[in-house]
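What follows is protein.txt (compact mmCIF, C-alpha atoms).
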# COMPACT_ATOMS: atom_id res chain seq x y z
CA MET A 3 3.39 -23.45 26.32
CA GLU A 4 2.35 -20.33 24.41
CA ILE A 5 6.00 -19.52 23.62
CA HIS A 6 6.45 -23.04 22.27
CA ALA A 7 3.33 -22.70 20.09
CA THR A 8 4.52 -19.31 18.76
CA ARG A 9 7.98 -20.71 17.99
CA SER A 10 6.44 -23.68 16.22
CA ARG A 11 4.17 -21.39 14.17
CA ARG A 12 7.09 -19.19 13.21
CA LEU A 13 9.24 -22.16 12.20
CA LYS A 14 6.41 -23.43 10.03
CA ALA A 15 6.26 -20.02 8.33
CA MET A 16 9.69 -20.78 6.81
CA VAL A 17 9.45 -22.16 3.28
CA LEU A 18 12.51 -24.06 2.12
CA ASN A 19 13.21 -24.81 -1.52
CA ALA A 20 15.49 -27.45 -3.01
CA ASN A 21 18.33 -24.95 -3.55
CA GLY A 22 18.59 -24.08 0.12
CA HIS A 23 16.70 -20.80 -0.15
CA ALA A 24 14.57 -20.30 2.94
CA PHE A 25 11.84 -17.65 2.85
CA ASP A 26 10.11 -16.49 6.00
CA THR A 27 6.52 -15.93 4.85
CA ARG A 28 5.83 -13.86 7.98
CA THR A 29 8.65 -11.33 7.76
CA GLY A 30 9.60 -11.52 4.08
CA ARG A 31 13.23 -12.23 4.95
CA SER A 32 15.26 -14.71 2.90
CA TYR A 33 18.15 -16.89 4.06
CA GLY A 34 20.70 -19.22 2.49
CA VAL A 35 20.63 -22.57 4.30
CA ASN A 36 23.33 -25.23 3.80
CA PRO A 37 22.34 -28.88 3.28
CA THR A 38 22.94 -29.91 6.90
CA ALA A 39 20.91 -27.00 8.21
CA GLN A 40 18.14 -27.83 5.72
CA VAL A 41 17.83 -31.25 7.35
CA ALA A 42 17.81 -29.66 10.78
CA LEU A 43 15.20 -27.08 9.79
CA LEU A 44 12.90 -29.66 8.25
CA MET A 45 13.19 -31.87 11.35
CA MET A 46 12.40 -28.91 13.59
CA GLN A 47 9.39 -28.00 11.47
CA ASP A 48 8.35 -31.63 11.98
CA GLY A 49 8.49 -31.08 15.75
CA GLN A 50 11.69 -33.07 16.40
CA SER A 51 13.72 -32.30 19.53
CA ARG A 52 17.28 -30.93 19.72
CA GLU A 53 18.48 -34.37 20.82
CA ALA A 54 16.81 -36.05 17.84
CA LEU A 55 18.46 -33.51 15.54
CA ILE A 56 21.90 -34.22 16.96
CA GLU A 57 21.44 -37.95 16.75
CA ALA A 58 20.28 -37.81 13.13
CA LEU A 59 23.09 -35.46 12.07
CA VAL A 60 25.82 -37.51 13.79
CA GLY A 61 24.83 -40.41 11.56
CA LEU A 62 24.30 -38.27 8.45
CA CYS A 63 27.49 -36.18 8.65
CA GLU A 64 29.76 -38.83 10.20
CA GLN A 65 31.01 -36.34 12.78
CA SER A 66 31.52 -36.71 16.49
CA HIS A 67 28.65 -36.06 18.84
CA ALA A 68 30.45 -33.03 20.34
CA VAL A 69 31.06 -31.39 16.94
CA VAL A 70 27.46 -31.87 15.83
CA GLU A 71 26.09 -30.73 19.16
CA ALA A 72 28.06 -27.47 18.97
CA ALA A 73 26.96 -26.90 15.37
CA VAL A 74 23.30 -27.57 16.16
CA ASP A 75 23.40 -25.17 19.10
CA ARG A 76 24.93 -22.46 16.90
CA PHE A 77 22.17 -23.03 14.36
CA LEU A 78 19.50 -22.88 17.05
CA ASP A 79 20.96 -19.59 18.30
CA GLN A 80 20.86 -18.17 14.77
CA LEU A 81 17.28 -19.31 14.34
CA ALA A 82 16.29 -17.76 17.65
CA SER A 83 17.70 -14.40 16.59
CA HIS A 84 16.16 -14.41 13.12
CA VAL A 85 12.86 -16.25 13.57
CA SER A 86 11.55 -14.15 16.43
CA MET B 26 -30.07 -9.79 -9.41
CA ILE B 27 -32.20 -8.25 -12.18
CA ARG B 28 -30.27 -5.93 -14.44
CA HIS B 29 -31.66 -3.31 -16.73
CA ALA B 30 -30.31 -3.17 -20.23
CA GLU B 31 -28.61 0.15 -19.49
CA GLN B 32 -26.84 -1.25 -16.41
CA PRO B 33 -24.18 -3.63 -17.73
CA HIS B 34 -22.02 -5.81 -15.50
CA TRP B 35 -19.03 -3.84 -14.19
CA THR B 36 -16.74 -5.53 -16.71
CA GLY B 37 -18.51 -3.46 -19.35
CA TRP B 38 -18.24 -0.18 -17.44
CA ASN B 39 -16.21 2.86 -18.40
CA ILE B 40 -13.91 3.40 -15.43
CA ALA B 41 -12.16 6.65 -14.57
CA VAL B 42 -8.93 6.45 -12.59
CA THR B 43 -6.96 9.32 -11.03
CA GLY B 44 -3.38 9.38 -9.73
CA ILE B 45 -1.82 8.47 -13.08
CA ASN B 46 1.33 10.47 -12.40
CA ALA B 47 4.30 8.13 -12.59
CA LYS B 48 7.54 9.79 -11.46
CA PRO B 49 9.78 6.81 -10.75
CA GLU B 50 10.79 7.83 -7.22
CA ASN B 51 7.19 8.34 -6.10
CA PRO B 52 4.56 7.14 -8.58
CA GLY B 53 0.86 7.59 -8.03
CA PRO B 54 -1.17 4.38 -7.75
CA GLY B 55 -3.32 5.13 -10.82
CA CYS B 56 -1.21 3.46 -13.50
CA ALA B 57 -0.94 0.28 -11.40
CA VAL B 58 -4.72 0.31 -10.86
CA VAL B 59 -5.20 0.62 -14.63
CA ARG B 60 -2.88 -2.34 -15.21
CA CYS B 61 -4.90 -4.41 -12.73
CA LEU B 62 -8.11 -3.54 -14.57
CA ARG B 63 -6.56 -4.49 -17.90
CA GLN B 64 -5.82 -7.92 -16.39
CA ALA B 65 -9.32 -8.40 -14.96
CA THR B 66 -11.07 -11.41 -16.44
CA GLY B 67 -13.67 -10.39 -19.01
CA PHE B 68 -13.05 -6.67 -18.73
CA ARG B 69 -14.26 -5.00 -21.92
CA GLY B 70 -14.97 -1.46 -20.74
CA ARG B 71 -12.96 1.68 -21.36
CA ILE B 72 -10.51 3.24 -18.95
CA ILE B 73 -10.41 7.00 -18.64
CA GLY B 74 -7.34 8.55 -17.05
CA LEU B 75 -7.83 11.68 -14.96
CA ALA B 76 -4.64 13.68 -14.39
CA TYR B 77 -3.51 16.97 -12.88
CA GLU B 78 -0.43 17.66 -15.01
CA THR B 79 0.17 17.67 -18.76
CA LEU B 80 3.20 15.44 -18.21
CA ASP B 81 1.44 12.79 -16.13
CA ALA B 82 2.59 9.65 -17.92
CA GLY B 83 -0.69 7.76 -17.58
CA LEU B 84 -2.26 10.10 -20.16
CA TYR B 85 0.03 8.74 -22.86
CA LEU B 86 0.66 5.06 -22.10
CA ARG B 87 -0.83 3.17 -25.03
CA ASP B 88 -1.60 0.00 -23.12
CA GLY B 89 -3.17 1.97 -20.26
CA CYS B 90 -5.96 4.50 -20.60
CA ASP B 91 -8.27 4.74 -23.62
CA SER B 92 -8.59 8.48 -23.13
CA GLY B 93 -7.42 11.06 -20.66
CA HIS B 94 -8.45 14.41 -19.21
CA LEU B 95 -6.98 17.02 -16.92
CA LEU B 96 -8.70 17.86 -13.64
CA PRO B 97 -8.40 21.11 -11.67
CA TYR B 98 -6.05 20.89 -8.69
CA PRO B 99 -7.71 19.74 -5.46
CA ALA B 100 -7.11 23.17 -3.89
CA THR B 101 -9.64 24.69 -6.31
CA GLY B 102 -12.39 22.85 -4.48
CA ALA B 103 -15.28 20.47 -5.02
CA ALA B 104 -17.41 22.76 -7.20
CA ALA B 105 -14.61 23.15 -9.76
CA LEU B 106 -14.09 19.40 -9.77
CA LEU B 107 -17.78 18.71 -10.39
CA GLU B 108 -17.91 21.30 -13.16
CA ARG B 109 -14.93 19.73 -14.90
CA LEU B 110 -16.30 16.19 -14.51
CA ASP B 111 -19.58 17.36 -16.04
CA GLU B 112 -17.64 18.62 -19.06
CA ILE B 113 -15.84 15.28 -19.33
CA VAL B 114 -18.88 13.02 -19.02
CA GLY B 115 -20.55 15.13 -21.71
CA HIS B 116 -18.40 13.36 -24.28
CA ASP B 117 -16.72 10.49 -22.37
CA ARG B 118 -19.19 8.43 -20.32
CA ILE B 119 -17.99 7.41 -16.85
CA ASP B 120 -19.70 4.53 -15.00
CA ALA B 121 -17.33 4.29 -12.04
CA LEU B 122 -14.59 6.44 -10.62
CA LEU B 123 -11.60 5.30 -8.58
CA PRO B 124 -9.83 8.22 -6.83
CA CYS B 125 -6.23 7.24 -6.12
CA LEU B 126 -4.75 10.30 -4.38
CA ASP B 127 -5.11 11.37 -0.75
CA ALA B 128 -5.49 15.11 -1.41
CA GLU B 129 -8.43 14.79 -3.78
CA LEU B 130 -10.59 12.59 -1.55
CA PRO B 131 -12.31 15.38 0.42
CA ASN B 132 -13.54 16.89 -2.86
CA PHE B 133 -14.79 13.56 -4.19
CA ILE B 134 -16.56 12.87 -0.88
CA ALA B 135 -18.21 16.30 -1.13
CA ILE B 136 -19.62 15.59 -4.59
CA GLU B 137 -20.27 11.87 -4.13
CA GLY B 138 -24.04 12.35 -4.12
CA GLU B 139 -23.94 14.50 -7.27
CA LEU B 140 -21.80 11.95 -9.07
CA LYS B 141 -24.08 9.09 -8.06
CA ARG B 142 -27.03 11.05 -9.44
CA ARG B 143 -25.14 11.11 -12.73
CA GLY B 144 -24.89 7.33 -12.67
CA ILE B 145 -21.25 7.20 -11.55
CA HIS B 146 -20.42 4.46 -9.04
CA LEU B 147 -18.03 5.26 -6.19
CA MET B 148 -17.02 3.57 -2.96
CA LEU B 149 -15.65 6.22 -0.65
CA PRO B 150 -15.21 6.58 3.10
CA GLN B 151 -17.24 9.14 4.97
CA ARG B 152 -15.51 12.42 5.81
CA ALA B 153 -15.28 11.49 9.51
CA GLN B 154 -13.66 8.15 8.65
CA LEU B 155 -11.16 9.92 6.42
CA ARG B 156 -10.33 12.43 9.14
CA ARG B 157 -9.93 9.71 11.74
CA ARG B 158 -6.92 8.23 9.92
CA ASP B 159 -5.21 11.59 9.43
CA LYS B 160 -1.59 11.51 10.49
CA ASP B 161 -2.15 13.71 13.54
CA ARG B 162 -4.95 11.46 14.79
CA LEU B 163 -3.18 8.13 14.44
CA PRO B 164 -2.38 7.78 18.17
CA ALA B 165 -6.08 8.10 19.06
CA LEU B 166 -7.07 5.66 16.33
CA GLY B 167 -4.31 3.25 17.36
CA ALA B 168 -5.50 3.39 20.97
CA ALA B 169 -9.09 2.69 19.91
CA ALA B 170 -8.02 -0.25 17.75
CA GLY B 171 -5.40 -1.62 20.15
CA VAL B 172 -2.55 -1.00 17.71
CA ALA B 173 0.75 0.59 18.76
CA THR B 174 1.69 3.84 17.04
CA PRO B 175 4.49 6.36 17.63
CA ASP B 176 3.72 9.76 19.18
CA VAL B 177 2.95 12.49 16.67
CA GLN B 178 2.02 16.17 16.92
CA CYS B 179 1.15 19.08 14.65
CA LEU B 180 3.62 21.94 14.55
CA GLY B 181 2.99 25.58 13.85
CA ASP B 182 6.39 26.89 15.01
CA GLU B 183 9.79 25.60 13.99
CA ARG B 184 11.31 26.67 17.32
CA PHE B 185 9.91 23.39 18.65
CA PHE B 186 13.04 21.72 17.28
CA ASP B 187 15.34 23.75 19.52
CA HIS B 188 13.95 22.47 22.80
CA CYS B 189 12.12 19.28 21.85
CA GLY B 190 14.67 17.04 23.63
CA ALA B 191 13.61 18.46 26.98
CA ASP B 192 10.04 17.42 26.21
CA GLY B 193 11.01 13.85 25.38
CA TRP B 194 11.27 14.32 21.61
CA HIS B 195 14.81 13.12 20.95
CA TYR B 196 16.51 13.03 17.55
CA PRO B 197 16.21 11.39 15.11
CA LEU B 198 12.66 12.54 14.44
CA LEU B 199 10.41 12.32 11.41
CA VAL B 200 9.12 15.55 9.84
CA LYS B 201 6.03 14.86 7.74
CA GLY B 202 3.62 16.73 5.50
CA ALA B 203 -0.10 16.36 6.13
CA PHE B 204 -0.58 14.47 2.86
CA TYR B 205 2.83 13.58 1.42
CA ASP B 206 6.55 13.40 2.14
CA ALA B 207 8.49 12.54 5.26
CA TYR B 208 12.09 13.24 6.23
CA ILE B 209 14.25 11.81 8.97
CA VAL B 210 16.05 14.64 10.76
CA HIS B 211 18.98 14.32 13.15
CA SER B 212 19.44 17.86 14.48
CA ALA B 213 17.59 21.12 15.06
CA PRO B 214 19.09 22.90 12.01
CA GLU B 215 18.23 19.99 9.73
CA ALA B 216 14.74 19.79 11.21
CA ARG B 217 14.14 23.51 10.70
CA GLN B 218 15.28 23.30 7.07
CA ARG B 219 12.95 20.36 6.37
CA TYR B 220 10.12 22.08 8.21
CA ARG B 221 10.43 25.18 5.98
CA GLN B 222 10.69 22.98 2.89
CA MET B 223 7.51 21.17 3.91
CA VAL B 224 5.63 24.42 4.53
CA ALA B 225 6.76 25.79 1.17
CA THR B 226 5.72 22.62 -0.67
CA TRP B 227 2.57 21.48 1.11
CA GLY B 228 1.63 24.25 3.52
CA TYR B 229 0.53 23.75 7.12
CA PRO B 230 0.22 21.67 9.17
CA VAL B 231 3.61 20.06 9.45
CA LEU B 232 3.80 17.01 11.66
CA VAL B 233 6.58 15.60 13.77
CA GLN B 234 6.61 11.93 14.66
CA LYS B 235 8.92 9.97 16.93
CA PHE B 236 11.23 7.84 14.83
CA VAL B 237 10.86 4.08 15.01
CA HIS B 238 13.60 1.73 13.88
CA GLY B 239 12.35 -1.31 12.02
CA GLU B 240 11.40 -3.04 8.80
CA GLU B 241 8.43 -1.61 6.93
CA VAL B 242 5.53 -3.92 6.20
CA ASN B 243 2.35 -2.83 4.42
CA LEU B 244 -1.15 -4.20 4.07
CA THR B 245 -3.77 -3.21 1.55
CA ALA B 246 -7.37 -4.38 1.51
CA LEU B 247 -10.92 -3.28 0.81
CA GLY B 248 -13.64 -2.27 3.22
CA ASP B 249 -17.37 -2.32 2.56
CA GLY B 250 -18.40 -0.20 5.54
CA SER B 251 -19.29 -3.18 7.73
CA GLY B 252 -15.92 -3.28 9.46
CA ALA B 253 -14.75 -6.32 7.50
CA MET B 254 -11.30 -6.44 5.92
CA ILE B 255 -11.63 -7.89 2.42
CA GLY B 256 -8.91 -9.38 0.23
CA GLU B 257 -5.90 -8.30 2.27
CA VAL B 258 -2.51 -8.35 0.56
CA MET B 259 0.60 -7.97 2.73
CA MET B 260 3.98 -6.83 1.48
CA LYS B 261 7.44 -6.21 2.86
CA LYS B 262 9.50 -3.54 1.14
CA GLN B 263 12.81 -4.94 -0.06
CA ALA B 264 14.32 -1.89 -1.77
CA LEU B 265 13.43 1.78 -1.50
CA THR B 266 13.56 4.88 -3.66
CA ASP B 267 15.00 8.10 -2.25
CA LYS B 268 11.45 8.96 -1.18
CA GLY B 269 11.19 5.74 0.82
CA LYS B 270 8.79 4.16 -1.68
CA ALA B 271 9.11 0.50 -2.56
CA TRP B 272 10.75 -0.33 -5.86
CA ALA B 273 11.01 -3.97 -4.89
CA GLY B 274 8.85 -5.87 -2.46
CA VAL B 275 7.66 -9.34 -1.58
CA ALA B 276 4.27 -10.68 -0.51
CA ILE B 277 4.20 -11.96 3.06
CA ASP B 278 1.67 -13.64 5.33
CA ASP B 279 2.10 -12.10 8.77
CA PRO B 280 -0.57 -13.04 11.35
CA ASP B 281 0.30 -10.00 13.50
CA LEU B 282 -0.05 -7.59 10.58
CA PHE B 283 -3.30 -9.31 9.57
CA GLU B 284 -4.67 -8.88 13.10
CA ALA B 285 -3.66 -5.21 13.27
CA GLY B 286 -5.32 -4.63 9.89
CA ARG B 287 -8.46 -6.46 10.93
CA ARG B 288 -8.77 -4.32 14.06
CA LEU B 289 -8.19 -1.08 12.16
CA PHE B 290 -10.80 -1.94 9.51
CA ASP B 291 -13.22 -2.89 12.26
CA THR B 292 -12.60 0.36 14.16
CA LEU B 293 -12.80 2.58 11.09
CA LYS B 294 -15.70 0.75 9.36
CA TRP B 295 -13.85 1.72 6.23
CA ARG B 296 -15.43 1.90 2.77
CA GLY B 297 -13.15 1.52 -0.23
CA PRO B 298 -9.45 0.71 -0.58
CA LEU B 299 -6.97 1.32 2.21
CA GLU B 300 -3.24 0.90 2.77
CA ILE B 301 -1.81 0.37 6.25
CA GLU B 302 1.91 1.08 6.75
CA MET B 303 3.61 -0.41 9.80
CA LEU B 304 7.14 -0.83 11.09
CA ARG B 305 8.24 -4.04 12.77
CA GLU B 306 10.65 -3.11 15.57
CA PRO B 307 13.56 -5.46 16.34
CA SER B 308 11.50 -6.65 19.34
CA GLY B 309 8.80 -7.80 16.92
CA THR B 310 6.26 -5.12 17.90
CA LEU B 311 4.37 -3.59 14.98
CA GLN B 312 4.02 0.20 15.04
CA LEU B 313 1.40 1.89 12.88
CA ILE B 314 3.01 4.77 11.01
CA GLU B 315 0.48 5.72 8.35
CA ILE B 316 -2.90 4.84 6.82
CA ASN B 317 -3.48 5.84 3.21
CA PRO B 318 -7.12 6.12 2.07
CA ARG B 319 -6.56 4.56 -1.34
CA PHE B 320 -4.81 1.80 -3.23
CA PRO B 321 -1.01 1.81 -2.86
CA ALA B 322 1.29 2.25 -5.86
CA TRP B 323 2.31 -1.42 -5.40
CA ILE B 324 -1.27 -2.67 -5.91
CA TYR B 325 -0.23 -4.64 -9.01
CA LEU B 326 1.35 -7.14 -6.60
CA GLY B 327 -2.23 -7.95 -5.57
CA TYR B 328 -2.94 -9.08 -9.10
CA GLY B 329 0.33 -11.04 -8.96
CA VAL B 330 -0.87 -13.05 -5.94
CA GLY B 331 -4.35 -13.67 -7.31
CA ARG B 332 -6.05 -10.78 -5.54
CA ASN B 333 -6.97 -8.17 -8.11
CA LEU B 334 -8.33 -5.63 -5.66
CA PRO B 335 -9.31 -2.89 -8.15
CA ALA B 336 -11.42 -5.49 -9.96
CA ALA B 337 -12.81 -6.70 -6.63
CA LEU B 338 -13.70 -3.13 -5.66
CA LEU B 339 -15.65 -2.64 -8.87
CA ALA B 340 -17.46 -5.94 -8.28
CA LEU B 341 -18.44 -4.70 -4.79
CA MET B 342 -19.67 -1.43 -6.32
CA ASP B 343 -21.73 -3.54 -8.69
CA GLY B 344 -23.44 -5.32 -5.81
CA ALA B 345 -21.27 -8.40 -5.31
CA ARG B 346 -20.93 -9.72 -1.76
CA PRO B 347 -17.42 -10.25 -0.32
CA GLY B 348 -17.85 -14.03 -0.47
CA GLN B 349 -18.50 -13.84 -4.21
CA LEU B 350 -15.19 -12.13 -5.00
CA GLN B 351 -12.48 -14.07 -6.79
CA LEU B 352 -9.67 -13.89 -4.23
CA ALA B 353 -6.90 -16.51 -4.15
CA PRO B 354 -5.36 -17.70 -0.86
CA PRO B 355 -2.29 -15.72 0.26
CA ARG B 356 0.76 -16.42 -1.89
CA PRO B 357 3.79 -15.25 0.15
CA GLY B 358 7.12 -15.16 -1.65
CA THR B 359 5.79 -13.61 -4.86
CA GLY B 360 7.50 -10.29 -5.35
CA PHE B 361 7.73 -7.31 -7.65
CA ILE B 362 10.47 -5.09 -9.01
CA ARG B 363 9.42 -1.67 -10.28
CA HIS B 364 11.19 -0.14 -13.26
CA ALA B 365 11.02 3.07 -15.22
CA GLN B 366 10.86 3.34 -18.98
CA GLU B 367 10.30 6.02 -21.57
CA THR B 368 7.16 6.32 -23.63
CA ILE B 369 7.31 8.30 -26.86
CA VAL B 370 4.86 11.18 -27.07
CA THR B 371 4.21 13.28 -30.17
CA LEU B 372 3.96 17.03 -30.13
CA ASP B 373 0.30 16.77 -31.14
CA GLU B 374 -0.50 14.56 -28.15
CA ILE B 375 1.10 16.96 -25.69
CA ALA B 376 -0.49 19.94 -27.43
CA SER B 377 -3.94 18.39 -27.26
CA VAL B 378 -3.71 17.93 -23.50
CA ALA B 379 -2.13 21.34 -22.95
CA VAL B 380 -4.68 23.21 -25.07
CA SER B 381 -7.93 21.29 -24.60
CA GLY B 382 -7.26 19.42 -21.34
CA SER B 383 -7.99 16.09 -23.02
CA THR B 384 -6.15 13.55 -25.12
CA ALA B 385 -6.91 13.67 -28.85
CA ARG B 386 -7.45 9.96 -29.18
CA PRO B 387 -9.50 7.83 -27.96
CA HIS B 388 -7.27 5.04 -28.99
CA ALA B 389 -8.84 1.76 -29.80
CA LEU B 390 -8.11 -0.15 -26.60
CA GLY B 391 -11.74 -0.33 -25.51
CA SER B 392 -12.85 -1.83 -28.77
CA ARG B 393 -9.77 -4.10 -28.77
CA ALA B 394 -10.81 -5.44 -25.36
CA ALA B 395 -14.31 -6.03 -26.67

Any chance you could give the structure as structure tokens?
Amino acid sequence: MEIHATRSRRLKAMVLNANGHAFDTRTGRSYGVNPTAQVALLMMQDGQSREALIEALVGLCEQSHAVVEAAVDRFLDQLASHVS
Amino acid sequence: MIRHAEQPHWTGWNIAVTGINAKPENPGPGCAVVRCLRQATGFRGRIIGLAYETLDAGLYLRDGCDSGHLLPYPATGAAALLERLDEIVGHDRIDALLPCLDAELPNFIAIEGELKRRGIHLMLPQRAQLRRRDKDRLPALGAAAGVATPDVQCLGDERFFDHCGADGWHYPLLVKGAFYDAYIVHSAPEARQRYRQMVATWGYPVLVQKFVHGEEVNLTALGDGSGAMIGEVMMKKQALTDKGKAWAGVAIDDPDLFEAGRRLFDTLKWRGPLEIEMLREPSGTLQLIEINPRFPAWIYLGYGVGRNLPAALLALMDGARPGQLQLAPPRPGTGFIRHAQETIVTLDEIASVAVSGSTARPHALGSRAA
């Protein structure tokens, strides 16, 4: 529960601008985020689940469920390593 | 608050600032403090630069100090400092003094009472508080505050470096001076060479600290002696000079750094400005590596994020309560890039400082501000 709250707080510390520049207000690190990942990041900051992300991106990107699922998991792995 | 006619609001004070040396790789904080004061709303006082070297740039920057004077080196002691300040205030009134260098603080603390009797406002830590954040005492302070800090010890013999591995001190290590400078060393010969260099430059003691890998994050804030941390500004270094000083940085809002700072201020009951330097290890743990008893050289970032701490410090000296200070909410993402530039100095200006110890002006900045 505490881990979830910490992760949520750390995700919310990411500020995303319209050009895909994400700034982590906690660590001072900056990232380039592509348009698909921007959608995913905003949904995660909104508390959406992995499954909801995949479902939304399948419709948005017109890709197969398996392709989107793999991409989302890669993104989540990257987030876990950077936003920790 | 009732004010006497001879006690103007701090914005009308004449403010003396030290640490106006400005070598690009390791500038003193003084010039940045002066720039903050120049930006303070309603400031119409004069700024008096106090320097130790004829070539300290802050003596000559035309948009900085209204006048400037040389001080005796800190090693000459408190009595020499007081004597020189008495000469200065004889023709250049000082209402408040902001010391900006670590090495001079013991002398200013020693003459604080004398200066206050002369009507000069100061906000300084007590000697015991200053000593408690010395580099060799950080582990004890960290333990008291519940903040992690790497092991450190004072050295009096360079042979330590030949057998330190057996005692758990594995390379790389950090060799540090008591006040300034730190070098990462990777072997006994390199460590011995840095040790001798440190002794030759700064004298004893020389410190050795276990090296911590991580990103450096800094916090600066004010203390009023109650244990409160006032107006904190947090910064992550983005680019470093050869001396490890920030020449680019960005404001952050790190709850862990805030909490570590809050605990350190509470433990120290600090009075005046303070800078806390920490390293964030890859695991996320913050390690306290240094506490500087003054504003940092990057203090202008505070003005940039709506927290003009030199102005806030003067307001506190003038009797304001922390809740009355004009401090904006944290503004992470705002950054700074430091740059060096040349200022043109005439022979007469240099000669005046070299011969008389004071600038020949005053230039007209004080009256311009008014």

What's the 12 Å shell around Pro37 of chain A, counting only C-alpha atoms, without same-chain residues fewer than 2 positions away, as an MDAnalysis selection string?
-> chainID A and resid 18:24 34:35 39:44 59 62:63

Selected residues, C-alpha atoms, written as a short mmCIF file (atom, residue, chain, number, x, y, z; two decimals), keeping the file's coordinate frame, please.
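Full text of out-v5.cif as output:
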data_model
loop_
_atom_site.label_atom_id
_atom_site.label_comp_id
_atom_site.auth_asym_id
_atom_site.auth_seq_id
_atom_site.Cartn_x
_atom_site.Cartn_y
_atom_site.Cartn_z
CA LEU A 18 12.51 -24.06 2.12
CA ASN A 19 13.21 -24.81 -1.52
CA ALA A 20 15.49 -27.45 -3.01
CA ASN A 21 18.33 -24.95 -3.55
CA GLY A 22 18.59 -24.08 0.12
CA HIS A 23 16.70 -20.80 -0.15
CA ALA A 24 14.57 -20.30 2.94
CA GLY A 34 20.70 -19.22 2.49
CA VAL A 35 20.63 -22.57 4.30
CA ALA A 39 20.91 -27.00 8.21
CA GLN A 40 18.14 -27.83 5.72
CA VAL A 41 17.83 -31.25 7.35
CA ALA A 42 17.81 -29.66 10.78
CA LEU A 43 15.20 -27.08 9.79
CA LEU A 44 12.90 -29.66 8.25
CA LEU A 59 23.09 -35.46 12.07
CA LEU A 62 24.30 -38.27 8.45
CA CYS A 63 27.49 -36.18 8.65
#

Might you pull out every residue within 8 Å of segment 325-338 of chain B, with all atoms listed in the file counted and same-chain residues fewer than 4 positions away left off, and present them as a PDB file with C-alpha atoms, in the coordinates of the input?
ATOM      1  CA  ALA B  57      -0.940   0.280 -11.400  1.00  0.00           C
ATOM      2  CA  VAL B  58      -4.720   0.310 -10.860  1.00  0.00           C
ATOM      3  CA  ARG B  60      -2.880  -2.340 -15.210  1.00  0.00           C
ATOM      4  CA  CYS B  61      -4.900  -4.410 -12.730  1.00  0.00           C
ATOM      5  CA  LEU B  62      -8.110  -3.540 -14.570  1.00  0.00           C
ATOM      6  CA  GLN B  64      -5.820  -7.920 -16.390  1.00  0.00           C
ATOM      7  CA  ALA B  65      -9.320  -8.400 -14.960  1.00  0.00           C
ATOM      8  CA  MET B 148     -17.020   3.570  -2.960  1.00  0.00           C
ATOM      9  CA  ALA B 246      -7.370  -4.380   1.510  1.00  0.00           C
ATOM     10  CA  LEU B 247     -10.920  -3.280   0.810  1.00  0.00           C
ATOM     11  CA  GLY B 256      -8.910  -9.380   0.230  1.00  0.00           C
ATOM     12  CA  VAL B 258      -2.510  -8.350   0.560  1.00  0.00           C
ATOM     13  CA  ALA B 276       4.270 -10.680  -0.510  1.00  0.00           C
ATOM     14  CA  GLY B 297     -13.150   1.520  -0.230  1.00  0.00           C
ATOM     15  CA  PRO B 298      -9.450   0.710  -0.580  1.00  0.00           C
ATOM     16  CA  MET B 342     -19.670  -1.430  -6.320  1.00  0.00           C
ATOM     17  CA  LEU B 350     -15.190 -12.130  -5.000  1.00  0.00           C
ATOM     18  CA  GLN B 351     -12.480 -14.070  -6.790  1.00  0.00           C
ATOM     19  CA  LEU B 352      -9.670 -13.890  -4.230  1.00  0.00           C
ATOM     20  CA  ALA B 353      -6.900 -16.510  -4.150  1.00  0.00           C
ATOM     21  CA  PRO B 354      -5.360 -17.700  -0.860  1.00  0.00           C
ATOM     22  CA  PRO B 355      -2.290 -15.720   0.260  1.00  0.00           C
ATOM     23  CA  ARG B 356       0.760 -16.420  -1.890  1.00  0.00           C
ATOM     24  CA  PRO B 357       3.790 -15.250   0.150  1.00  0.00           C
ATOM     25  CA  THR B 359       5.790 -13.610  -4.860  1.00  0.00           C
ATOM     26  CA  GLY B 360       7.500 -10.290  -5.350  1.00  0.00           C
ATOM     27  CA  PHE B 361       7.730  -7.310  -7.650  1.00  0.00           C
TER      28      PHE B 361
END

Atom-to-atom span, atom CA of His211 of chain B and atom CA of Leu180 of chain B, Å =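 Interatomic distance here is 17.2 Å.
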
Could you write out as a PyMOL selection string the residues of chain A within 9 Å of chain B, counting all atoms listed in the file?
-> chain A and resi 15+17+25-31+86

Residues around (18.9, -28.3, 20.1), cut-off 7 Å, counting only C-alpha atoms - what are they as a list in words?
-> Ser51, Arg52, Glu53, Leu55, Val74, Asp75 and Leu78 of chain A

With 6 Å of padding per side, what axis-aligned box (centre and edge lengths, Å, one decimal) covers all the listed atoms of segment 32-45 of chain B? Give it as JSON.
{"center_x": -14.3, "center_y": 1.8, "center_z": -14.5, "size_x": 37.0, "size_y": 27.2, "size_z": 21.6}

Can you find the residues with an atom no farther than 10 Å from (4.9, 2.0, 8.2), counting all atoms listed in the file, and report them as a list in words?
->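 Checking each residue against the 10 Å limit leaves Thr174, Val237, Gly239, Glu240, Glu241, Val242, Asn243, Leu244, Glu300, Ile301, Glu302, Met303, Leu304, Arg305, Leu311, Gln312, Leu313, Ile314, Glu315 and Ile316 of chain B.
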
Correct to one decimal, the distance atom CA of Ala76 of chain B-atom CA of Leu96 of chain B is 5.9 Å

What is the distance, in Å and to one decimal place, between atom CA of Thr266 of chain B and atom CA of Lys48 of chain B?
->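 Value for the atom CA of Thr266 of chain B-atom CA of Lys48 of chain B distance: 11.0 Å.
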
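Distances here use all atoms listed in the file; by that measure, the residue among B:Gly167, B:Asp117, B:Leu341, B:Thr384 closest to Trp35 of chain B is B:Leu341.
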